[in-house]
Every structure is written in C-alpha cells, then in structure tokens.
Amino acid sequence: VRDALPDLKAAGVAAIGISPDPVAQQKKFDDRHHLGFALLSDSDHQIADAFGVWVEKKMFGKTSMGIARSAFLIDAAGRVSATGYNISPKETIPTLNQWLA
C-alpha cells in the first residue's frame with residue numbers, strides 16, 4: 001500500500017491501516033517501514049468485530065483469536081462499497097484497482 005500511495009491519492013483514495021497492536025508497536029512498525037498513511041490501534045477489537053475480521057485462527061496446532069487480514073473500500077458517505085476478506089498484502093492493491101475500475 002505504501003508504494004501505491006501516489007496512485008491511490010490520485011484516485012481520491014485515502015489508506016488507513018487498523019490492527020490490534022498497541023500504538024507504540026505500530027509506531028515502531030511505521031518508523032521501520034515509512035508507511036506514509038495512518039495506523040489506528042484497535043486493541044479492544046471493536047472495529048475488527050464490527051467488520052467480522054476478529055476470528056479464530058489455528059497455527060501449529062494451537063487455536064487463538066486474531067485478525068483475518070482484509071481490505072475495505074469505504075465511500076465518501078461512509079458506506080462500505082467493496083470488501084476483500086483474507087486478502088494477502090500482494091493482492092491488496094491489484095484488488096483495489098479492480099474495485100476502482
């Protein structure tokens with residue numbers, strides 16, 4: 001997403017990242033990767049629950065709750081106009097471009 005910011009801005013799209021990580025951890029991530037877009041902390045999972053992305057995950061035989069990485073296009077009126085659940089980082093921008101076409 002960072003690398004596509006100029007194209008996103010030209011298309012009138014603002015990127016926002018949301019994760020359950022605490023603000024300090026997000027700042028370290030942003031400092032390391034120079035994202036150039038806002039990161040919001042959802043440490044209580046309210047946003048993730050509302051969007052249906054706080055889900056049970058299984059890894060190495062253990063079950064825990066976590067984020068199903070997803071992307072949403074929200075229009076100027078605040079309506080969700082497109083959704084991409086379980087979307088990989090590599091798929092995010094190509095999928096967004098399809099939504100905008």
# chains A, B, ... in the order shown; residues from 1 in each chain; ligands from 1

call {"tool": "closest_atom_pairs", "arguments": {"of": "segment 20-48 of chain A", "to": "segment 64-79 of chain A", "cutoff": "10 Å", "atoms": "only C-alpha atoms", "output": "Markdown table"}}
result
| residue | atom | partner | partner_atom | distance |
| --- | --- | --- | --- | --- |
| A:Pro20 | CA | A:Ile67 | CA | 7.9 |
| A:His45 | CA | A:Ile67 | CA | 9.0 |
| A:Ala48 | CA | A:Ile67 | CA | 7.2 |

call {"tool": "select_by_dssp", "arguments": {"residues": "segment 25-57 of chain A", "states": "strand (DSSP E)", "output": "list in words"}}
result
Ala38, Leu39, Leu40, Ser41, Trp54, Val55, Glu56 and Lys57 of chain A

call {"tool": "write_last_selection", "arguments": {"atoms": "C-alpha atoms", "output": "mmCIF file, in the first residue's frame"}}
result
data_model
loop_
_atom_site.group_PDB
_atom_site.id
_atom_site.type_symbol
_atom_site.label_atom_id
_atom_site.label_comp_id
_atom_site.auth_asym_id
_atom_site.auth_seq_id
_atom_site.Cartn_x
_atom_site.Cartn_y
_atom_site.Cartn_z
ATOM 1 C CA ALA A 38 -2.393 6.462 9.276
ATOM 2 C CA LEU A 39 -2.320 3.400 11.506
ATOM 3 C CA LEU A 40 -5.097 3.006 14.051
ATOM 4 C CA SER A 41 -4.942 0.786 17.128
ATOM 5 C CA TRP A 54 -11.672 -10.882 14.550
ATOM 6 C CA VAL A 55 -11.716 -14.627 14.049
ATOM 7 C CA GLU A 56 -10.478 -17.911 15.438
ATOM 8 C CA LYS A 57 -7.181 -18.896 13.852
#

call {"tool": "select_by_dssp", "arguments": {"residues": "chain A", "states": "alpha helix (DSSP H)", "output": "compact mmCIF listing (two decimals) with N, CA, C and O atoms, in the first residue's frame"}}
result
# COMPACT_ATOMS: atom_id res chain seq x y z
N LEU A 5 0.77 4.62 -2.75
CA LEU A 5 0.12 5.82 -2.23
C LEU A 5 -0.06 6.92 -3.27
O LEU A 5 -1.14 7.52 -3.34
N PRO A 6 0.93 7.24 -4.11
CA PRO A 6 0.69 8.30 -5.10
C PRO A 6 -0.48 7.99 -6.03
O PRO A 6 -1.31 8.87 -6.30
N ASP A 7 -0.59 6.74 -6.48
CA ASP A 7 -1.69 6.34 -7.35
C ASP A 7 -3.02 6.37 -6.59
O ASP A 7 -4.05 6.77 -7.15
N LEU A 8 -2.99 5.93 -5.33
CA LEU A 8 -4.21 5.95 -4.53
C LEU A 8 -4.70 7.38 -4.33
O LEU A 8 -5.89 7.67 -4.49
N LYS A 9 -3.78 8.27 -3.98
CA LYS A 9 -4.16 9.68 -3.78
C LYS A 9 -4.72 10.27 -5.06
O LYS A 9 -5.71 11.00 -5.04
N ALA A 10 -4.11 9.94 -6.21
CA ALA A 10 -4.60 10.45 -7.50
C ALA A 10 -6.02 9.95 -7.78
O ALA A 10 -6.80 10.64 -8.43
N VAL A 23 -0.37 1.21 20.16
CA VAL A 23 0.14 2.37 19.44
C VAL A 23 1.67 2.36 19.37
O VAL A 23 2.25 2.61 18.31
N ALA A 24 2.34 2.06 20.47
CA ALA A 24 3.81 2.06 20.48
C ALA A 24 4.38 1.05 19.49
O ALA A 24 5.36 1.34 18.79
N GLN A 25 3.77 -0.11 19.40
CA GLN A 25 4.23 -1.13 18.46
C GLN A 25 3.98 -0.69 17.02
O GLN A 25 4.81 -0.91 16.13
N GLN A 26 2.84 -0.05 16.79
CA GLN A 26 2.55 0.46 15.45
C GLN A 26 3.54 1.54 15.05
O GLN A 26 3.97 1.60 13.90
N LYS A 27 3.90 2.40 16.00
CA LYS A 27 4.87 3.46 15.70
C LYS A 27 6.21 2.86 15.29
O LYS A 27 6.83 3.32 14.32
N LYS A 28 6.67 1.83 16.00
CA LYS A 28 7.92 1.17 15.63
C LYS A 28 7.82 0.59 14.22
O LYS A 28 8.75 0.71 13.42
N PHE A 29 6.70 -0.03 13.89
CA PHE A 29 6.49 -0.60 12.56
C PHE A 29 6.52 0.50 11.50
O PHE A 29 7.18 0.37 10.46
N ASP A 30 5.83 1.60 11.77
CA ASP A 30 5.79 2.72 10.83
C ASP A 30 7.18 3.34 10.68
O ASP A 30 7.61 3.67 9.57
N ASP A 31 7.89 3.50 11.78
CA ASP A 31 9.25 4.05 11.71
C ASP A 31 10.16 3.16 10.86
O ASP A 31 11.00 3.66 10.11
N ARG A 32 10.00 1.87 10.97
CA ARG A 32 10.85 0.92 10.23
C ARG A 32 10.49 0.89 8.75
O ARG A 32 11.35 0.79 7.89
N HIS A 33 9.18 0.99 8.42
CA HIS A 33 8.74 0.81 7.04
C HIS A 33 8.30 2.10 6.34
O HIS A 33 7.98 2.06 5.15
N GLN A 46 -12.94 -3.80 18.79
CA GLN A 46 -14.29 -3.35 18.45
C GLN A 46 -14.48 -3.18 16.95
O GLN A 46 -15.50 -3.58 16.39
N ILE A 47 -13.49 -2.59 16.29
CA ILE A 47 -13.60 -2.39 14.84
C ILE A 47 -13.52 -3.74 14.13
O ILE A 47 -14.32 -4.02 13.23
N ALA A 48 -12.57 -4.57 14.55
CA ALA A 48 -12.43 -5.90 13.94
C ALA A 48 -13.70 -6.71 14.11
O ALA A 48 -14.14 -7.38 13.17
N ASP A 49 -14.31 -6.66 15.28
CA ASP A 49 -15.58 -7.37 15.49
C ASP A 49 -16.67 -6.82 14.57
O ASP A 49 -17.42 -7.58 13.96
N ALA A 50 -16.75 -5.49 14.47
CA ALA A 50 -17.79 -4.87 13.65
C ALA A 50 -17.65 -5.25 12.17
O ALA A 50 -18.66 -5.40 11.47
N PRO A 89 -1.11 -9.28 1.38
CA PRO A 89 -0.54 -7.96 1.07
C PRO A 89 -0.32 -7.77 -0.44
O PRO A 89 -0.58 -6.69 -0.96
N LYS A 90 0.14 -8.81 -1.13
CA LYS A 90 0.38 -8.69 -2.57
C LYS A 90 -0.90 -8.50 -3.36
O LYS A 90 -0.89 -7.92 -4.44
N GLU A 91 -2.03 -8.99 -2.84
CA GLU A 91 -3.31 -8.89 -3.54
C GLU A 91 -4.04 -7.58 -3.27
O GLU A 91 -4.97 -7.23 -4.00
N THR A 92 -3.64 -6.84 -2.25
CA THR A 92 -4.40 -5.67 -1.81
C THR A 92 -4.54 -4.63 -2.92
O THR A 92 -5.66 -4.23 -3.26
N ILE A 93 -3.46 -4.17 -3.48
CA ILE A 93 -3.53 -3.10 -4.49
C ILE A 93 -4.16 -3.59 -5.79
O ILE A 93 -5.03 -2.90 -6.34
N PRO A 94 -3.78 -4.76 -6.32
CA PRO A 94 -4.49 -5.22 -7.52
C PRO A 94 -5.99 -5.35 -7.32
O PRO A 94 -6.78 -5.01 -8.21
N THR A 95 -6.40 -5.81 -6.14
CA THR A 95 -7.83 -5.93 -5.85
C THR A 95 -8.47 -4.55 -5.79
O THR A 95 -9.55 -4.32 -6.34
N LEU A 96 -7.82 -3.62 -5.12
CA LEU A 96 -8.33 -2.25 -5.03
C LEU A 96 -8.47 -1.64 -6.43
O LEU A 96 -9.48 -1.00 -6.74
N ASN A 97 -7.49 -1.86 -7.29
CA ASN A 97 -7.58 -1.35 -8.65
C ASN A 97 -8.77 -1.93 -9.39
O ASN A 97 -9.43 -1.22 -10.16
N GLN A 98 -9.09 -3.20 -9.15
CA GLN A 98 -10.29 -3.80 -9.75
C GLN A 98 -11.54 -3.13 -9.24
O GLN A 98 -12.49 -2.88 -9.99
N TRP A 99 -11.57 -2.85 -7.94
CA TRP A 99 -12.74 -2.20 -7.35
C TRP A 99 -12.96 -0.81 -7.95
O TRP A 99 -14.09 -0.37 -8.12
N LEU A 100 -11.86 -0.12 -8.22
CA LEU A 100 -11.95 1.26 -8.70
C LEU A 100 -12.23 1.34 -10.21
O LEU A 100 -12.61 2.40 -10.70

call {"tool": "decode", "arguments": {"residues": "segment 25-63 of chain A", "atoms": "N, CA and C atoms", "output": "PDB file, in the first residue's frame"}}
result
ATOM      1  N   GLN A  25       3.768  -0.108  19.401  1.00  0.00           N
ATOM      2  CA  GLN A  25       4.231  -1.131  18.463  1.00  0.00           C
ATOM      3  C   GLN A  25       3.978  -0.685  17.019  1.00  0.00           C
ATOM      4  N   GLN A  26       2.844  -0.047  16.793  1.00  0.00           N
ATOM      5  CA  GLN A  26       2.545   0.457  15.452  1.00  0.00           C
ATOM      6  C   GLN A  26       3.540   1.543  15.047  1.00  0.00           C
ATOM      7  N   LYS A  27       3.904   2.400  16.003  1.00  0.00           N
ATOM      8  CA  LYS A  27       4.872   3.461  15.700  1.00  0.00           C
ATOM      9  C   LYS A  27       6.209   2.864  15.289  1.00  0.00           C
ATOM     10  N   LYS A  28       6.666   1.833  15.996  1.00  0.00           N
ATOM     11  CA  LYS A  28       7.915   1.173  15.628  1.00  0.00           C
ATOM     12  C   LYS A  28       7.822   0.595  14.217  1.00  0.00           C
ATOM     13  N   PHE A  29       6.701  -0.029  13.887  1.00  0.00           N
ATOM     14  CA  PHE A  29       6.490  -0.597  12.565  1.00  0.00           C
ATOM     15  C   PHE A  29       6.522   0.502  11.497  1.00  0.00           C
ATOM     16  N   ASP A  30       5.829   1.601  11.769  1.00  0.00           N
ATOM     17  CA  ASP A  30       5.793   2.720  10.829  1.00  0.00           C
ATOM     18  C   ASP A  30       7.180   3.344  10.677  1.00  0.00           C
ATOM     19  N   ASP A  31       7.891   3.496  11.778  1.00  0.00           N
ATOM     20  CA  ASP A  31       9.253   4.052  11.712  1.00  0.00           C
ATOM     21  C   ASP A  31      10.163   3.164  10.862  1.00  0.00           C
ATOM     22  N   ARG A  32       9.999   1.872  10.968  1.00  0.00           N
ATOM     23  CA  ARG A  32      10.847   0.924  10.229  1.00  0.00           C
ATOM     24  C   ARG A  32      10.488   0.890   8.748  1.00  0.00           C
ATOM     25  N   HIS A  33       9.180   0.991   8.421  1.00  0.00           N
ATOM     26  CA  HIS A  33       8.738   0.812   7.039  1.00  0.00           C
ATOM     27  C   HIS A  33       8.305   2.101   6.343  1.00  0.00           C
ATOM     28  N   HIS A  34       8.276   3.224   7.081  1.00  0.00           N
ATOM     29  CA  HIS A  34       7.926   4.528   6.498  1.00  0.00           C
ATOM     30  C   HIS A  34       6.641   4.433   5.664  1.00  0.00           C
ATOM     31  N   LEU A  35       5.554   4.067   6.317  1.00  0.00           N
ATOM     32  CA  LEU A  35       4.315   3.774   5.606  1.00  0.00           C
ATOM     33  C   LEU A  35       3.700   4.979   4.898  1.00  0.00           C
ATOM     34  N   GLY A  36       3.639   6.109   5.573  1.00  0.00           N
ATOM     35  CA  GLY A  36       3.062   7.294   4.936  1.00  0.00           C
ATOM     36  C   GLY A  36       1.543   7.354   4.991  1.00  0.00           C
ATOM     37  N   PHE A  37       0.920   6.476   5.766  1.00  0.00           N
ATOM     38  CA  PHE A  37      -0.525   6.541   5.973  1.00  0.00           C
ATOM     39  C   PHE A  37      -0.819   6.227   7.433  1.00  0.00           C
ATOM     40  N   ALA A  38      -2.011   6.604   7.871  1.00  0.00           N
ATOM     41  CA  ALA A  38      -2.393   6.462   9.276  1.00  0.00           C
ATOM     42  C   ALA A  38      -2.548   4.999   9.675  1.00  0.00           C
ATOM     43  N   LEU A  39      -2.094   4.701  10.884  1.00  0.00           N
ATOM     44  CA  LEU A  39      -2.320   3.400  11.506  1.00  0.00           C
ATOM     45  C   LEU A  39      -3.151   3.632  12.755  1.00  0.00           C
ATOM     46  N   LEU A  40      -4.220   2.888  12.889  1.00  0.00           N
ATOM     47  CA  LEU A  40      -5.097   3.006  14.051  1.00  0.00           C
ATOM     48  C   LEU A  40      -5.007   1.742  14.883  1.00  0.00           C
ATOM     49  N   SER A  41      -4.995   1.921  16.209  1.00  0.00           N
ATOM     50  CA  SER A  41      -4.942   0.786  17.128  1.00  0.00           C
ATOM     51  C   SER A  41      -6.358   0.379  17.523  1.00  0.00           C
ATOM     52  N   ASP A  42      -6.638  -0.893  17.359  1.00  0.00           N
ATOM     53  CA  ASP A  42      -7.939  -1.468  17.729  1.00  0.00           C
ATOM     54  C   ASP A  42      -7.702  -2.539  18.791  1.00  0.00           C
ATOM     55  N   SER A  43      -7.068  -2.130  19.885  1.00  0.00           N
ATOM     56  CA  SER A  43      -6.630  -3.095  20.895  1.00  0.00           C
ATOM     57  C   SER A  43      -7.792  -3.820  21.571  1.00  0.00           C
ATOM     58  N   ASP A  44      -8.979  -3.241  21.554  1.00  0.00           N
ATOM     59  CA  ASP A  44     -10.137  -3.917  22.162  1.00  0.00           C
ATOM     60  C   ASP A  44     -10.958  -4.676  21.118  1.00  0.00           C
ATOM     61  N   HIS A  45     -10.521  -4.671  19.876  1.00  0.00           N
ATOM     62  CA  HIS A  45     -11.113  -5.438  18.771  1.00  0.00           C
ATOM     63  C   HIS A  45     -12.509  -4.984  18.373  1.00  0.00           C
ATOM     64  N   GLN A  46     -12.937  -3.802  18.791  1.00  0.00           N
ATOM     65  CA  GLN A  46     -14.293  -3.348  18.452  1.00  0.00           C
ATOM     66  C   GLN A  46     -14.476  -3.176  16.946  1.00  0.00           C
ATOM     67  N   ILE A  47     -13.489  -2.589  16.286  1.00  0.00           N
ATOM     68  CA  ILE A  47     -13.598  -2.390  14.840  1.00  0.00           C
ATOM     69  C   ILE A  47     -13.524  -3.739  14.132  1.00  0.00           C
ATOM     70  N   ALA A  48     -12.572  -4.571  14.554  1.00  0.00           N
ATOM     71  CA  ALA A  48     -12.428  -5.897  13.945  1.00  0.00           C
ATOM     72  C   ALA A  48     -13.703  -6.714  14.106  1.00  0.00           C
ATOM     73  N   ASP A  49     -14.315  -6.661  15.276  1.00  0.00           N
ATOM     74  CA  ASP A  49     -15.583  -7.370  15.494  1.00  0.00           C
ATOM     75  C   ASP A  49     -16.670  -6.820  14.573  1.00  0.00           C
ATOM     76  N   ALA A  50     -16.747  -5.494  14.466  1.00  0.00           N
ATOM     77  CA  ALA A  50     -17.785  -4.870  13.648  1.00  0.00           C
ATOM     78  C   ALA A  50     -17.655  -5.249  12.169  1.00  0.00           C
ATOM     79  N   PHE A  51     -16.417  -5.439  11.713  1.00  0.00           N
ATOM     80  CA  PHE A  51     -16.182  -5.780  10.308  1.00  0.00           C
ATOM     81  C   PHE A  51     -16.065  -7.291  10.091  1.00  0.00           C
ATOM     82  N   GLY A  52     -16.214  -8.054  11.160  1.00  0.00           N
ATOM     83  CA  GLY A  52     -16.196  -9.506  11.048  1.00  0.00           C
ATOM     84  C   GLY A  52     -14.832 -10.107  10.762  1.00  0.00           C
ATOM     85  N   VAL A  53     -13.776  -9.428  11.207  1.00  0.00           N
ATOM     86  CA  VAL A  53     -12.429  -9.925  10.915  1.00  0.00           C
ATOM     87  C   VAL A  53     -11.658 -10.374  12.166  1.00  0.00           C
ATOM     88  N   TRP A  54     -12.283 -10.335  13.331  1.00  0.00           N
ATOM     89  CA  TRP A  54     -11.672 -10.882  14.550  1.00  0.00           C
ATOM     90  C   TRP A  54     -12.161 -12.317  14.635  1.00  0.00           C
ATOM     91  N   VAL A  55     -11.294 -13.245  14.259  1.00  0.00           N
ATOM     92  CA  VAL A  55     -11.716 -14.627  14.049  1.00  0.00           C
ATOM     93  C   VAL A  55     -10.795 -15.611  14.766  1.00  0.00           C
ATOM     94  N   GLU A  56     -11.292 -16.825  14.890  1.00  0.00           N
ATOM     95  CA  GLU A  56     -10.478 -17.911  15.438  1.00  0.00           C
ATOM     96  C   GLU A  56      -9.487 -18.355  14.371  1.00  0.00           C
ATOM     97  N   LYS A  57      -8.236 -18.485  14.778  1.00  0.00           N
ATOM     98  CA  LYS A  57      -7.181 -18.896  13.852  1.00  0.00           C
ATOM     99  C   LYS A  57      -6.455 -20.098  14.442  1.00  0.00           C
ATOM    100  N   LYS A  58      -5.964 -20.957  13.578  1.00  0.00           N
ATOM    101  CA  LYS A  58      -5.196 -22.117  14.017  1.00  0.00           C
ATOM    102  C   LYS A  58      -3.819 -22.068  13.382  1.00  0.00           C
ATOM    103  N   MET A  59      -2.800 -22.247  14.230  1.00  0.00           N
ATOM    104  CA  MET A  59      -1.432 -22.264  13.744  1.00  0.00           C
ATOM    105  C   MET A  59      -0.615 -23.213  14.607  1.00  0.00           C
ATOM    106  N   PHE A  60       0.072 -24.116  13.963  1.00  0.00           N
ATOM    107  CA  PHE A  60       0.911 -25.085  14.659  1.00  0.00           C
ATOM    108  C   PHE A  60       0.140 -25.847  15.726  1.00  0.00           C
ATOM    109  N   GLY A  61      -1.120 -26.169  15.430  1.00  0.00           N
ATOM    110  CA  GLY A  61      -1.942 -26.939  16.340  1.00  0.00           C
ATOM    111  C   GLY A  61      -2.565 -26.148  17.471  1.00  0.00           C
ATOM    112  N   LYS A  62      -2.302 -24.850  17.526  1.00  0.00           N
ATOM    113  CA  LYS A  62      -2.879 -24.007  18.574  1.00  0.00           C
ATOM    114  C   LYS A  62      -3.975 -23.131  17.985  1.00  0.00           C
ATOM    115  N   THR A  63      -4.999 -22.908  18.788  1.00  0.00           N
ATOM    116  CA  THR A  63      -6.109 -22.054  18.379  1.00  0.00           C
ATOM    117  C   THR A  63      -6.057 -20.770  19.181  1.00  0.00           C
TER     118      THR A  63
END
